[in-house]
$ cat query23.tsv   # TSV, C-alpha atoms
chain	number	residue	atom	x	y	z
A	22	MET	CA	-36.55	-0.64	-5.02
A	23	ALA	CA	-33.92	-1.88	-2.57
A	24	HIS	CA	-33.08	-0.19	0.72
A	25	LEU	CA	-29.39	-0.01	1.66
A	26	LEU	CA	-27.78	0.85	4.96
A	27	VAL	CA	-24.71	3.06	4.52
A	28	VAL	CA	-22.49	3.12	7.61
A	29	GLU	CA	-20.19	6.16	7.49
A	30	SER	CA	-18.16	7.14	4.41
A	31	TRP	CA	-15.08	8.91	3.26
A	32	VAL	CA	-15.86	12.58	2.58
A	33	GLY	CA	-14.02	12.60	-0.76
A	34	SER	CA	-15.39	11.74	-4.18
A	35	MET	CA	-16.84	8.35	-3.20
A	36	SER	CA	-19.13	10.06	-0.69
A	37	ARG	CA	-20.79	11.71	-3.68
A	38	LEU	CA	-20.47	8.88	-6.19
A	39	LEU	CA	-22.06	6.33	-3.88
A	40	PRO	CA	-25.34	8.22	-3.20
A	41	ARG	CA	-25.57	8.94	-6.93
A	42	ALA	CA	-25.09	5.26	-7.79
A	43	ILE	CA	-27.70	4.19	-5.24
A	44	ARG	CA	-30.28	6.58	-6.64
A	45	GLU	CA	-29.46	5.89	-10.30
A	46	GLY	CA	-29.91	2.18	-9.54
A	47	GLY	CA	-33.45	2.94	-8.40
A	48	HIS	CA	-32.68	2.33	-4.73
A	49	GLU	CA	-32.75	4.34	-1.48
A	50	PHE	CA	-30.57	4.37	1.62
A	51	THR	CA	-30.40	5.06	5.32
A	52	PHE	CA	-27.23	6.75	6.53
A	53	LEU	CA	-25.72	5.87	9.90
A	54	THR	CA	-23.04	8.11	11.46
A	55	ARG	CA	-21.58	9.07	14.80
A	56	ASP	CA	-20.79	12.65	13.74
A	57	LEU	CA	-23.02	14.59	11.35
A	58	HIS	CA	-20.66	17.57	11.50
A	59	HIS	CA	-17.94	15.50	9.84
A	60	TYR	CA	-20.04	15.54	6.67
A	61	LEU	CA	-21.53	19.01	7.08
A	62	ARG	CA	-18.01	20.46	7.16
A	63	ALA	CA	-17.13	18.63	3.94
A	64	ALA	CA	-20.05	20.03	1.92
A	65	PRO	CA	-19.57	23.11	-0.27
A	66	GLU	CA	-20.85	26.28	1.36
A	67	GLY	CA	-24.60	26.58	0.94
A	68	ALA	CA	-25.01	22.98	-0.23
A	69	ALA	CA	-26.15	19.84	1.57
A	70	HIS	CA	-23.86	16.82	1.55
A	71	PRO	CA	-25.38	14.07	-0.67
A	72	LEU	CA	-25.11	11.53	2.14
A	73	LEU	CA	-27.40	13.66	4.27
A	74	GLY	CA	-30.09	13.41	1.59
A	75	ALA	CA	-30.73	9.82	2.67
A	76	ARG	CA	-34.24	8.56	3.38
A	77	ASN	CA	-33.18	8.39	7.03
A	78	VAL	CA	-30.14	9.92	8.76
A	79	ILE	CA	-29.48	8.31	12.12
A	80	THR	CA	-26.81	9.30	14.63
A	81	THR	CA	-25.34	6.53	16.76
A	82	ASP	CA	-21.94	5.32	17.96
A	83	THR	CA	-20.63	3.50	14.91
A	84	ASN	CA	-17.31	2.91	16.71
A	85	ASP	CA	-18.86	0.62	19.35
A	86	THR	CA	-19.52	-2.54	17.38
A	87	GLU	CA	-20.98	-4.52	20.27
A	88	SER	CA	-23.72	-1.96	20.92
A	89	LEU	CA	-24.15	-1.08	17.24
A	90	LEU	CA	-25.05	-4.59	16.05
A	91	PRO	CA	-28.17	-5.03	18.23
A	92	GLU	CA	-29.21	-1.46	17.44
A	93	VAL	CA	-28.97	-2.15	13.70
A	94	GLU	CA	-30.99	-5.33	14.23
A	95	ARG	CA	-33.76	-3.22	15.78
A	96	LEU	CA	-33.60	-0.78	12.85
A	97	HIS	CA	-33.71	-3.70	10.42
A	98	ASP	CA	-36.92	-4.97	12.02
A	99	VAL	CA	-38.56	-1.66	11.12
A	100	LEU	CA	-36.78	-0.44	7.98
A	101	ARG	CA	-35.88	-3.79	6.32
A	102	PHE	CA	-32.47	-3.33	4.75
A	103	ASP	CA	-31.48	-5.26	1.63
A	104	GLY	CA	-27.76	-4.55	1.83
A	105	VAL	CA	-25.16	-2.73	3.89
A	106	LEU	CA	-22.00	-0.96	2.74
A	107	THR	CA	-19.44	1.77	3.40
A	108	SER	CA	-16.67	3.41	1.41
A	109	CYS	CA	-14.55	4.17	4.51
A	110	ASP	CA	-11.81	1.66	5.34
A	111	TYR	CA	-12.25	2.20	9.07
A	112	TYR	CA	-15.83	0.87	8.93
A	113	LEU	CA	-15.45	-2.00	6.46
A	114	PRO	CA	-15.05	-4.61	9.24
A	115	VAL	CA	-18.16	-3.48	11.14
A	116	VAL	CA	-20.16	-3.42	7.89
A	117	ALA	CA	-19.11	-7.02	7.17
A	118	ARG	CA	-20.15	-8.05	10.67
A	119	THR	CA	-23.44	-6.18	10.30
A	120	ALA	CA	-24.23	-7.91	6.99
A	121	ALA	CA	-23.48	-11.30	8.53
A	122	ARG	CA	-25.61	-10.51	11.60
A	123	LEU	CA	-28.58	-9.48	9.44
A	124	GLY	CA	-28.16	-12.31	6.94
A	125	LEU	CA	-27.45	-9.87	4.09
A	126	PRO	CA	-25.00	-10.30	1.19
A	127	GLY	CA	-21.34	-9.56	1.81
A	128	PRO	CA	-17.87	-11.00	2.27
A	129	ALA	CA	-16.91	-12.98	5.34
A	130	PRO	CA	-16.09	-10.66	8.28
A	131	GLU	CA	-12.75	-12.38	8.91
A	132	ALA	CA	-11.71	-11.81	5.30
A	133	VAL	CA	-12.48	-8.10	5.53
A	134	GLU	CA	-10.76	-7.74	8.90
A	135	ASN	CA	-7.62	-9.39	7.53
A	136	ALA	CA	-7.61	-7.13	4.48
A	137	CYS	CA	-8.06	-4.00	6.60
A	138	ARG	CA	-5.13	-4.85	8.87
A	139	LYS	CA	-1.85	-4.58	6.96
A	140	ASP	CA	-0.08	-7.00	9.28
A	141	ALA	CA	-2.82	-9.63	8.94
A	142	THR	CA	-2.80	-9.21	5.14
A	143	ARG	CA	0.93	-9.84	5.07
A	144	ARG	CA	0.62	-13.03	7.13
A	145	VAL	CA	-2.30	-14.46	5.13
A	146	LEU	CA	-0.66	-13.76	1.78
A	147	ALA	CA	2.70	-15.13	2.91
A	148	GLU	CA	1.07	-18.35	4.12
A	149	ALA	CA	-0.70	-18.69	0.75
A	150	GLY	CA	2.51	-18.10	-1.20
A	151	VAL	CA	1.34	-14.81	-2.76
A	152	PRO	CA	4.48	-12.76	-3.47
A	153	GLY	CA	5.13	-9.69	-1.34
A	154	PRO	CA	8.01	-7.92	0.42
A	155	ARG	CA	9.93	-9.39	3.32
A	156	PHE	CA	8.33	-7.98	6.46
A	157	ALA	CA	8.20	-7.96	10.25
A	158	VAL	CA	5.63	-6.75	12.79
A	159	HIS	CA	6.58	-5.63	16.29
A	160	GLU	CA	5.68	-3.18	19.03
A	161	GLU	CA	8.82	-2.94	21.15
A	162	TRP	CA	11.76	-0.86	19.97
A	163	ALA	CA	14.43	-3.50	20.50
A	164	GLU	CA	12.55	-6.00	18.33
A	165	LEU	CA	11.89	-3.36	15.65
A	166	ALA	CA	15.53	-2.32	15.49
A	167	HIS	CA	16.67	-5.93	15.24
A	168	ALA	CA	14.10	-6.76	12.53
A	169	ALA	CA	15.06	-3.65	10.54
A	170	ARG	CA	18.70	-4.73	10.51
A	171	ASP	CA	17.63	-8.21	9.43
A	172	ILE	CA	15.46	-6.93	6.52
A	173	GLY	CA	18.04	-4.31	5.64
A	174	TYR	CA	17.86	-0.57	5.03
A	175	PRO	CA	16.32	1.22	3.24
A	176	LEU	CA	12.91	-0.08	4.22
A	177	VAL	CA	9.30	1.06	4.54
A	178	VAL	CA	7.65	1.72	7.92
A	179	LYS	CA	3.86	1.52	8.14
A	180	PRO	CA	1.13	1.69	10.77
A	181	VAL	CA	-0.99	-1.44	10.51
A	182	ASP	CA	-4.35	0.35	10.55
A	183	LEU	CA	-4.22	3.77	8.88
A	184	CYS	CA	-5.20	4.83	5.36
A	185	ALA	CA	-4.30	7.37	2.67
A	186	GLY	CA	-0.58	6.80	3.17
A	187	MET	CA	-0.66	8.34	6.65
A	188	LEU	CA	2.64	7.89	8.50
A	189	VAL	CA	4.00	5.54	5.83
A	190	ARG	CA	7.68	6.43	5.46
A	191	ARG	CA	10.87	5.30	3.81
A	192	VAL	CA	13.68	5.07	6.36
A	193	ASP	CA	17.37	4.76	5.53
A	194	ASP	CA	18.85	4.19	8.98
A	195	GLU	CA	18.04	3.55	12.62
A	196	ALA	CA	17.67	7.23	13.50
A	197	GLN	CA	15.01	7.68	10.81
A	198	LEU	CA	13.32	4.49	11.98
A	199	ALA	CA	13.16	5.83	15.55
A	200	ALA	CA	11.60	9.08	14.32
A	201	ALA	CA	8.99	7.21	12.25
A	202	VAL	CA	8.09	4.95	15.17
A	203	LYS	CA	7.73	7.97	17.48
A	204	ALA	CA	5.43	9.69	14.98
A	205	MET	CA	3.14	6.66	15.05
A	206	ALA	CA	3.17	6.53	18.85
A	207	ASP	CA	2.19	10.21	18.90
A	208	PHE	CA	-0.93	9.40	16.83
A	209	PRO	CA	-2.78	6.85	19.00
A	210	VAL	CA	-6.31	7.61	17.70
A	211	ASN	CA	-7.35	7.82	14.04
A	212	ALA	CA	-9.42	10.59	12.44
A	213	ARG	CA	-12.66	8.76	13.27
A	214	GLY	CA	-11.93	8.50	17.00
A	215	GLN	CA	-10.89	4.85	16.94
A	216	ARG	CA	-7.91	3.76	19.04
A	217	ARG	CA	-5.08	2.40	16.92
A	218	ALA	CA	-3.10	-0.80	17.39
A	219	PRO	CA	0.41	0.06	18.71
A	220	LEU	CA	2.09	-2.22	16.17
A	221	VAL	CA	4.62	-1.21	13.53
A	222	LEU	CA	4.98	-2.96	10.17
A	223	LEU	CA	8.42	-3.02	8.56
A	224	GLU	CA	8.70	-3.96	4.90
A	225	GLU	CA	11.42	-4.45	2.36
A	226	LEU	CA	11.60	-1.45	-0.01
A	227	LEU	CA	10.45	-2.77	-3.39
A	228	ASP	CA	11.76	-1.50	-6.71
A	229	GLY	CA	9.75	-0.82	-9.87
A	230	PRO	CA	6.57	1.06	-10.76
A	231	GLU	CA	3.36	0.69	-8.76
A	232	VAL	CA	-0.03	-0.10	-10.26
A	233	SER	CA	-3.43	-1.07	-8.91
A	234	VAL	CA	-5.78	-3.76	-10.12
A	235	GLU	CA	-9.47	-2.82	-9.95
A	236	SER	CA	-11.77	-5.83	-9.62
A	237	VAL	CA	-15.25	-6.94	-8.66
A	238	SER	CA	-15.89	-10.17	-6.75
A	239	HIS	CA	-19.31	-11.78	-7.09
A	240	ALA	CA	-20.64	-15.29	-6.55
A	241	GLY	CA	-17.22	-16.81	-5.94
A	242	ALA	CA	-15.45	-15.27	-8.96
A	243	VAL	CA	-13.13	-12.28	-9.32
A	244	HIS	CA	-13.65	-10.11	-12.39
A	245	VAL	CA	-10.70	-7.85	-13.24
A	246	VAL	CA	-11.90	-4.55	-14.72
A	247	GLY	CA	-8.44	-3.19	-15.47
A	248	VAL	CA	-5.08	-1.93	-14.24
A	249	THR	CA	-4.35	1.66	-13.19
A	250	ASP	CA	-0.88	3.17	-12.90
A	251	LYS	CA	0.31	5.40	-10.07
A	252	SER	CA	2.90	8.12	-9.69
A	253	VAL	CA	4.36	8.69	-6.23
A	254	GLY	CA	6.25	11.63	-4.74
A	255	GLY	CA	6.95	13.42	-1.47
A	256	GLU	CA	9.84	11.32	-0.15
A	257	PRO	CA	10.27	10.08	2.51
A	258	ALA	CA	6.46	9.86	2.39
A	259	PHE	CA	4.63	7.97	-0.36
A	260	ILE	CA	2.13	10.50	-1.72
A	261	GLU	CA	0.03	9.56	-4.72
A	262	THR	CA	0.55	12.37	-7.22
A	263	GLY	CA	-1.46	10.93	-10.10
A	264	HIS	CA	-3.03	7.97	-11.89
A	265	MET	CA	-3.78	6.85	-15.44
A	266	PHE	CA	-6.20	4.20	-16.70
A	267	PRO	CA	-5.33	1.95	-18.35
A	268	ALA	CA	-1.74	1.60	-17.20
A	269	ALA	CA	0.75	1.69	-20.06
A	270	LEU	CA	1.89	-1.91	-19.56
A	271	SER	CA	2.65	-4.74	-21.92
A	272	ALA	CA	0.01	-7.44	-22.27
A	273	ALA	CA	2.28	-9.83	-20.35
A	274	ASP	CA	2.74	-7.42	-17.41
A	275	THR	CA	-0.99	-6.62	-17.34
A	276	GLU	CA	-1.75	-10.33	-17.15
A	277	ALA	CA	0.90	-10.90	-14.46
A	278	VAL	CA	-0.33	-8.15	-12.12
A	279	SER	CA	-3.97	-9.12	-12.70
A	280	ARG	CA	-3.23	-12.75	-11.87
A	281	THR	CA	-1.34	-11.71	-8.71
A	282	ALA	CA	-4.27	-9.56	-7.55
A	283	VAL	CA	-6.73	-12.41	-8.09
A	284	HIS	CA	-4.51	-14.78	-6.11
A	285	ALA	CA	-4.37	-12.25	-3.26
A	286	LEU	CA	-8.15	-11.89	-3.17
A	287	GLU	CA	-8.57	-15.67	-3.27
A	288	ALA	CA	-6.09	-16.10	-0.41
A	289	LEU	CA	-7.93	-13.55	1.73
A	290	GLY	CA	-11.34	-15.02	0.88
A	291	LEU	CA	-12.68	-11.84	-0.76
A	292	MET	CA	-14.70	-13.70	-3.38
A	293	ASP	CA	-18.17	-12.22	-3.02
A	294	GLY	CA	-19.72	-8.78	-2.51
A	295	VAL	CA	-16.44	-6.88	-2.95
A	296	VAL	CA	-15.12	-4.17	-5.25
A	297	ALA	CA	-11.37	-4.25	-4.61
A	298	HIS	CA	-8.39	-1.99	-5.23
A	299	THR	CA	-5.23	-4.11	-5.02
A	300	GLU	CA	-1.92	-2.25	-5.12
A	301	ILE	CA	1.03	-4.07	-6.68
A	302	LYS	CA	4.67	-3.25	-7.39
A	303	LEU	CA	5.98	-4.53	-10.69
A	304	THR	CA	9.47	-5.31	-9.44
A	305	SER	CA	12.49	-6.68	-11.26
A	306	ALA	CA	11.61	-10.05	-9.68
A	307	GLY	CA	7.95	-9.89	-10.77
A	308	PRO	CA	4.72	-8.56	-9.21
A	309	ARG	CA	4.64	-8.08	-5.43
A	310	VAL	CA	1.49	-7.18	-3.49
A	311	VAL	CA	1.62	-3.88	-1.59
A	312	GLU	CA	-1.94	-3.72	-0.18
A	313	VAL	CA	-5.40	-5.18	-0.72
A	314	ASN	CA	-8.25	-2.70	-0.20
A	315	PRO	CA	-11.71	-4.33	-0.12
A	316	ARG	CA	-13.53	-1.24	-1.38
A	317	PRO	CA	-13.59	0.84	-4.58
A	318	ALA	CA	-10.49	2.85	-5.42
A	319	GLY	CA	-10.30	6.43	-4.22
A	320	ASN	CA	-8.68	9.45	-5.86
A	321	ARG	CA	-11.37	9.33	-8.59
A	322	ILE	CA	-9.84	6.25	-10.19
A	323	THR	CA	-13.38	4.92	-10.58
A	324	GLU	CA	-14.15	7.96	-12.74
A	325	LEU	CA	-11.11	7.38	-14.94
A	326	ILE	CA	-12.39	3.87	-15.57
A	327	ARG	CA	-15.92	5.09	-16.28
A	328	HIS	CA	-14.66	7.62	-18.84
A	329	VAL	CA	-12.63	4.98	-20.72
A	330	THR	CA	-14.78	1.84	-20.40
A	331	GLY	CA	-18.24	2.93	-19.35
A	332	VAL	CA	-18.00	0.58	-16.35
A	333	ASP	CA	-19.33	2.30	-13.20
A	334	LEU	CA	-17.58	0.73	-10.20
A	335	ALA	CA	-19.67	2.71	-7.71
A	336	ALA	CA	-22.79	1.15	-9.27
A	337	ALA	CA	-21.12	-2.27	-9.24
A	338	PHE	CA	-20.36	-1.80	-5.53
A	339	VAL	CA	-24.03	-1.11	-4.84
A	340	GLU	CA	-25.19	-4.13	-6.84
A	341	VAL	CA	-22.81	-6.69	-5.31
A	342	SER	CA	-23.70	-5.34	-1.85
A	343	LEU	CA	-27.28	-6.30	-2.68
A	344	GLY	CA	-26.19	-9.74	-3.92
A	345	HIS	CA	-26.93	-8.80	-7.54
A	346	SER	CA	-24.76	-9.54	-10.55
A	347	PRO	CA	-22.93	-6.32	-11.50
A	348	ASP	CA	-23.02	-4.83	-15.00
A	349	LEU	CA	-19.39	-4.87	-16.16
A	350	ARG	CA	-20.04	-4.56	-19.89
A	351	ARG	CA	-17.71	-2.13	-21.64
A	352	THR	CA	-19.63	0.62	-23.43
A	353	ASN	CA	-17.12	3.28	-24.41
A	354	THR	CA	-19.21	6.23	-25.57
A	355	THR	CA	-16.52	8.87	-25.00
A	356	GLY	CA	-13.99	7.66	-27.56
A	357	LEU	CA	-11.24	7.97	-24.93
A	358	ARG	CA	-8.50	5.38	-24.90
A	359	SER	CA	-6.95	6.65	-21.64
A	360	ALA	CA	-7.82	9.06	-18.83
A	361	ALA	CA	-5.53	10.45	-16.15
A	362	ILE	CA	-5.69	12.55	-13.02
A	363	GLY	CA	-2.94	14.60	-11.41
A	364	PHE	CA	-3.01	16.11	-7.92
A	365	LEU	CA	-1.73	19.45	-6.79
A	366	VAL	CA	0.48	18.54	-3.82
A	367	PRO	CA	1.65	21.42	-1.59
A	368	GLU	CA	5.36	21.47	-0.85
A	369	ALA	CA	5.26	24.43	1.55
A	370	THR	CA	3.33	25.47	4.66
A	371	GLY	CA	1.46	28.77	4.82
A	372	THR	CA	-1.52	30.54	3.29
A	373	LEU	CA	-2.64	29.86	-0.26
A	374	GLU	CA	-2.65	33.34	-1.80
A	375	ALA	CA	-3.12	32.53	-5.48
A	376	LEU	CA	-4.28	29.53	-7.49
A	377	ASP	CA	-5.74	30.11	-10.92
A	378	GLY	CA	-6.98	27.33	-13.18
A	379	GLY	CA	-8.95	29.53	-15.57
A	380	ARG	CA	-7.17	28.65	-18.81
A	381	VAL	CA	-6.77	25.02	-17.82
A	382	ARG	CA	-10.52	24.63	-17.26
A	383	THR	CA	-11.23	25.39	-20.91
A	384	ALA	CA	-8.28	23.50	-22.41
A	385	PRO	CA	-8.98	20.65	-24.87
A	386	ASP	CA	-9.34	17.13	-23.46
A	387	VAL	CA	-9.97	18.37	-19.88
A	388	LEU	CA	-12.58	16.32	-18.00
A	389	GLU	CA	-12.40	17.88	-14.53
A	390	VAL	CA	-10.63	20.69	-12.71
A	391	GLU	CA	-11.03	21.15	-8.97
A	392	LEU	CA	-8.82	23.66	-7.12
A	393	ALA	CA	-8.72	25.06	-3.60
A	394	GLU	CA	-9.79	28.65	-3.02
A	395	PRO	CA	-7.17	31.27	-2.08
A	396	GLY	CA	-7.08	32.02	1.64
A	397	ARG	CA	-6.86	28.39	2.69
A	398	GLN	CA	-4.25	27.41	5.25
A	399	VAL	CA	-2.04	24.66	3.85
A	400	LYS	CA	0.86	22.55	5.03
A	401	ALA	CA	3.54	20.64	3.20
A	402	ALA	CA	1.96	17.30	2.30
A	403	GLY	CA	2.81	14.19	4.30
A	404	SER	CA	0.02	11.95	2.99
A	405	ASN	CA	-2.80	11.86	0.43
A	406	ASN	CA	-4.93	14.08	2.66
A	407	GLU	CA	-3.37	17.46	1.79
A	408	TYR	CA	-4.14	17.89	-1.90
A	409	LEU	CA	-5.01	21.38	-3.15
A	410	GLY	CA	-6.98	20.05	-6.09
A	411	HIS	CA	-6.72	17.99	-9.24
A	412	VAL	CA	-6.85	18.04	-13.02
A	413	MET	CA	-8.33	15.17	-15.06
A	414	ALA	CA	-7.93	14.79	-18.83
A	415	GLY	CA	-8.40	12.17	-21.50
A	416	ASP	CA	-6.71	11.03	-24.70
A	417	SER	CA	-8.64	9.57	-27.62
A	418	SER	CA	-5.56	8.40	-29.52
A	419	GLY	CA	-3.72	6.27	-26.95
A	420	VAL	CA	-2.14	6.36	-23.50
A	421	GLY	CA	-1.12	10.02	-23.60
A	422	ALA	CA	-3.52	11.22	-20.91
A	423	ARG	CA	-0.85	11.32	-18.18
A	424	ALA	CA	1.46	13.56	-20.21
A	425	ARG	CA	-1.45	15.87	-20.95
A	426	VAL	CA	-2.35	16.14	-17.26
A	427	GLU	CA	1.24	16.81	-16.24
A	428	ALA	CA	1.46	19.67	-18.74
A	429	LEU	CA	-1.78	21.18	-17.46
A	430	LEU	CA	-0.72	20.82	-13.82
A	431	GLY	CA	2.53	22.57	-14.67
A	432	GLU	CA	0.54	25.60	-15.77
A	433	VAL	CA	-1.45	25.58	-12.52
A	434	ARG	CA	1.68	25.26	-10.39
A	435	ALA	CA	3.28	28.19	-12.20
A	436	GLY	CA	0.55	30.49	-10.89
A	437	MET	CA	0.31	29.05	-7.36
A	438	VAL	CA	1.50	31.24	-4.46
A	439	ILE	CA	1.83	30.02	-0.86
A	440	ARG	CA	3.18	32.42	1.77

$ encode --input "query23.tsv" --output "structure tokens"
Amino acid sequence: MAHLLVVESWVGSMSRLLPRAIREGGHEFTFLTRDLHHYLRAAPEGAAHPLLGARNVITTDTNDTESLLPEVERLHDVLRFDGVLTSCDYYLPVVARTAARLGLPGPAPEAVENACRKDATRRVLAEAGVPGPRFAVHEEWAELAHAARDIGYPLVVKPVDLCAGMLVRRVDDEAQLAAAVKAMADFPVNARGQRRAPLVLLEELLDGPEVSVESVSHAGAVHVVGVTDKSVGGEPAFIETGHMFPAALSAADTEAVSRTAVHALEALGLMDGVVAHTEIKLTSAGPRVVEVNPRPAGNRITELIRHVTGVDLAAAFVEVSLGHSPDLRRTNTTGLRSAAIGFLVPEATGTLEALDGGRVRTAPDVLEVELAEPGRQVKAAGSNNEYLGHVMAGDSSGVGARARVEALLGEVRAGMVIR
């Protein structure tokens, strides 16, 4: 039995999948957090959050890396950790530094830090010749305005250190650029109490569909598990409205995006102890890297993959964090050839008065239905953090899962009332 240290987590599906994977692997874990209430609030009423079922739950300032590292060393002397991990982007760099400090398996801290900073990722990939959009990074308005004119409108504006599509916007002119930059300046601290870098990333707006390549890096090799497609809505924001695995791509396009993702991971040095989610646009000029995320995909993409292939990426994440070879054998026991998820994205602000998924829950091919309860206060979505639920379905005959999910979501939307 191995003993893992889990430092913080997202409170979405991975916060439940990860404890399950640890236990099913025959291991145990200690959970380190600065705010227990963050997880207590996320648990269903009357239920304990799975992360708080750890062997040990320790509260400490996980945002202060310099004081955290010696404290974890003291804990390691007593508890003897075999690996350290997190599913939360904001703590990936400190986990990499912790693993290095304790002599445990994991990617190089610099590689993780570069992947978690969008501006650093752009520079590393550009220097390595990995294709991406034209970009610029500045803090001062005059430089931003000049760079925007040089790249050309429309373009994409991003914070360099936020997640879930927060404050990522398409802008069509200088007035919209100014509004986007102000919105970032008005959000100086992220949801975990960490001060943000005051930099703004400008990128060329890329054409074509977006996909993600899910991969596992172990012992110096990158293993591509597959390619997931993505639907996006909510302009001028970029809100993920759904996914399907596998993406309905030609063999040539699948190979091209997979090869591009591997090159990006190689350039960043993410070759060991990493489950990665690399987002790529399949443009008219070929694949272009959008982002490299050195952690398992969110939005239950890992579950889509498990339903279709039998590969459990949460379990693979645990194993590579321990320095073990992951089990990536395909064992399709479901008969599904594709699985898709669609998200219920609110387009209005108010109170959710009605949301009924009764018939959808019992419809053929449905794998999951999760919907918010009436009475919840909602706001028009501006990122991936405002979903009101999801529907997941499979298709045993081909890549029809997305169409099935869209039809089911249509039924749910028809009965949704926000006032």

$ residues_around --input "query23.tsv" --residues "A:Glu148" --least-positions-apart "4" --cutoff "9 Å" --atoms "only C-alpha atoms" --output "MDAnalysis selection string"
chainID A and resid 143:144 288

$ closest_atom_pairs --input "query23.tsv" --of "stretch 218-258 of chain A" --to "stretch 182-194 of chain A" --cutoff "9 Å" --atoms "all atoms listed in the file" --output "JSON lines"
{"residue": "A:Ala218", "atom": "CA", "partner": "A:Asp182", "partner_atom": "CA", "distance": 7.0}
{"residue": "A:Leu220", "atom": "CA", "partner": "A:Asp182", "partner_atom": "CA", "distance": 8.9}
{"residue": "A:Leu226", "atom": "CA", "partner": "A:Arg191", "partner_atom": "CA", "distance": 7.8}
{"residue": "A:Glu256", "atom": "CA", "partner": "A:Arg191", "partner_atom": "CA", "distance": 7.3}
{"residue": "A:Pro257", "atom": "CA", "partner": "A:Arg191", "partner_atom": "CA", "distance": 5.0}
{"residue": "A:Ala258", "atom": "CA", "partner": "A:Arg190", "partner_atom": "CA", "distance": 4.8}

$ write_last_selection --input "query23.tsv" --atoms "C-alpha atoms" --output "mmCIF file, in the coordinates of the input"
data_model
loop_
_atom_site.group_PDB
_atom_site.id
_atom_site.type_symbol
_atom_site.label_atom_id
_atom_site.label_comp_id
_atom_site.auth_asym_id
_atom_site.auth_seq_id
_atom_site.Cartn_x
_atom_site.Cartn_y
_atom_site.Cartn_z
ATOM 1 C CA ALA A 218 -3.100 -0.800 17.390
ATOM 2 C CA LEU A 220 2.090 -2.220 16.170
ATOM 3 C CA LEU A 226 11.600 -1.450 -0.010
ATOM 4 C CA GLU A 256 9.840 11.320 -0.150
ATOM 5 C CA PRO A 257 10.270 10.080 2.510
ATOM 6 C CA ALA A 258 6.460 9.860 2.390
#

$ residues_around --input "query23.tsv" --residues "A:Leu325" --least-positions-apart "2" --cutoff "7 Å" --atoms "only C-alpha atoms" --output "PyMOL selection string"
chain A and resi 266+321-323+327-329+360-361

$ write_last_selection --input "query23.tsv" --atoms "C-alpha atoms" --output "JSON list (two decimals), in the frame of the given file"
[["chain", "number", "residue", "atom", "x", "y", "z"],
["A", 266, "PHE", "CA", -6.20, 4.20, -16.70],
["A", 321, "ARG", "CA", -11.37, 9.33, -8.59],
["A", 322, "ILE", "CA", -9.84, 6.25, -10.19],
["A", 323, "THR", "CA", -13.38, 4.92, -10.58],
["A", 327, "ARG", "CA", -15.92, 5.09, -16.28],
["A", 328, "HIS", "CA", -14.66, 7.62, -18.84],
["A", 329, "VAL", "CA", -12.63, 4.98, -20.72],
["A", 360, "ALA", "CA", -7.82, 9.06, -18.83],
["A", 361, "ALA", "CA", -5.53, 10.45, -16.15]]

$ closest_residue --input "query23.tsv" --among "A:Val438, A:Ala149, A:Ala168, A:Ala285" --to "A:Ala136" --atoms "all atoms listed in the file"
A:Ala285

$ atom_distance --input "query23.tsv" --atom1 "atom CA of A:Thr83" --atom2 "atom CA of A:Leu53"
7.5 Å

$ closest_residue --input "query23.tsv" --among "A:Val310, A:Leu100, A:Val78, A:Leu73" --to "A:Gly150" --atoms "only C-alpha atoms"
A:Val310

$ closest_atom_pairs --input "query23.tsv" --of "stretch 274-389 of chain A" --to "stretch 34-48 of chain A" --cutoff "10 Å" --atoms "all atoms listed in the file" --output "tab-separated table"
residue	atom	partner	partner_atom	distance
A:Pro317	CA	A:Met35	CA	8.3
A:Ala318	CA	A:Met35	CA	8.7
A:Gly319	CA	A:Met35	CA	6.9
A:Asn320	CA	A:Ser34	CA	7.3
A:Arg321	CA	A:Ser34	CA	6.4
A:Ile322	CA	A:Ser34	CA	9.9
A:Thr323	CA	A:Met35	CA	8.8
A:Glu324	CA	A:Leu38	CA	9.1
A:Asp333	CA	A:Ala42	CA	8.4
A:Leu334	CA	A:Ala42	CA	9.1
A:Ala335	CA	A:Leu39	CA	5.8
A:Ala336	CA	A:Ala42	CA	4.9
A:Ala337	CA	A:Ala42	CA	8.6
A:Phe338	CA	A:Leu39	CA	8.5
A:Val339	CA	A:Ile43	CA	6.5
A:Glu340	CA	A:Gly46	CA	8.3

$ write_last_selection --input "query23.tsv" --atoms "C-alpha atoms" --output "mmCIF file, keeping the file's coordinate frame"
data_model
loop_
_atom_site.group_PDB
_atom_site.id
_atom_site.type_symbol
_atom_site.label_atom_id
_atom_site.label_comp_id
_atom_site.auth_asym_id
_atom_site.auth_seq_id
_atom_site.Cartn_x
_atom_site.Cartn_y
_atom_site.Cartn_z
ATOM 1 C CA PRO A 317 -13.590 0.840 -4.580
ATOM 2 C CA ALA A 318 -10.490 2.850 -5.420
ATOM 3 C CA GLY A 319 -10.300 6.430 -4.220
ATOM 4 C CA ASN A 320 -8.680 9.450 -5.860
ATOM 5 C CA ARG A 321 -11.370 9.330 -8.590
ATOM 6 C CA ILE A 322 -9.840 6.250 -10.190
ATOM 7 C CA THR A 323 -13.380 4.920 -10.580
ATOM 8 C CA GLU A 324 -14.150 7.960 -12.740
ATOM 9 C CA ASP A 333 -19.330 2.300 -13.200
ATOM 10 C CA LEU A 334 -17.580 0.730 -10.200
ATOM 11 C CA ALA A 335 -19.670 2.710 -7.710
ATOM 12 C CA ALA A 336 -22.790 1.150 -9.270
ATOM 13 C CA ALA A 337 -21.120 -2.270 -9.240
ATOM 14 C CA PHE A 338 -20.360 -1.800 -5.530
ATOM 15 C CA VAL A 339 -24.030 -1.110 -4.840
ATOM 16 C CA GLU A 340 -25.190 -4.130 -6.840
#
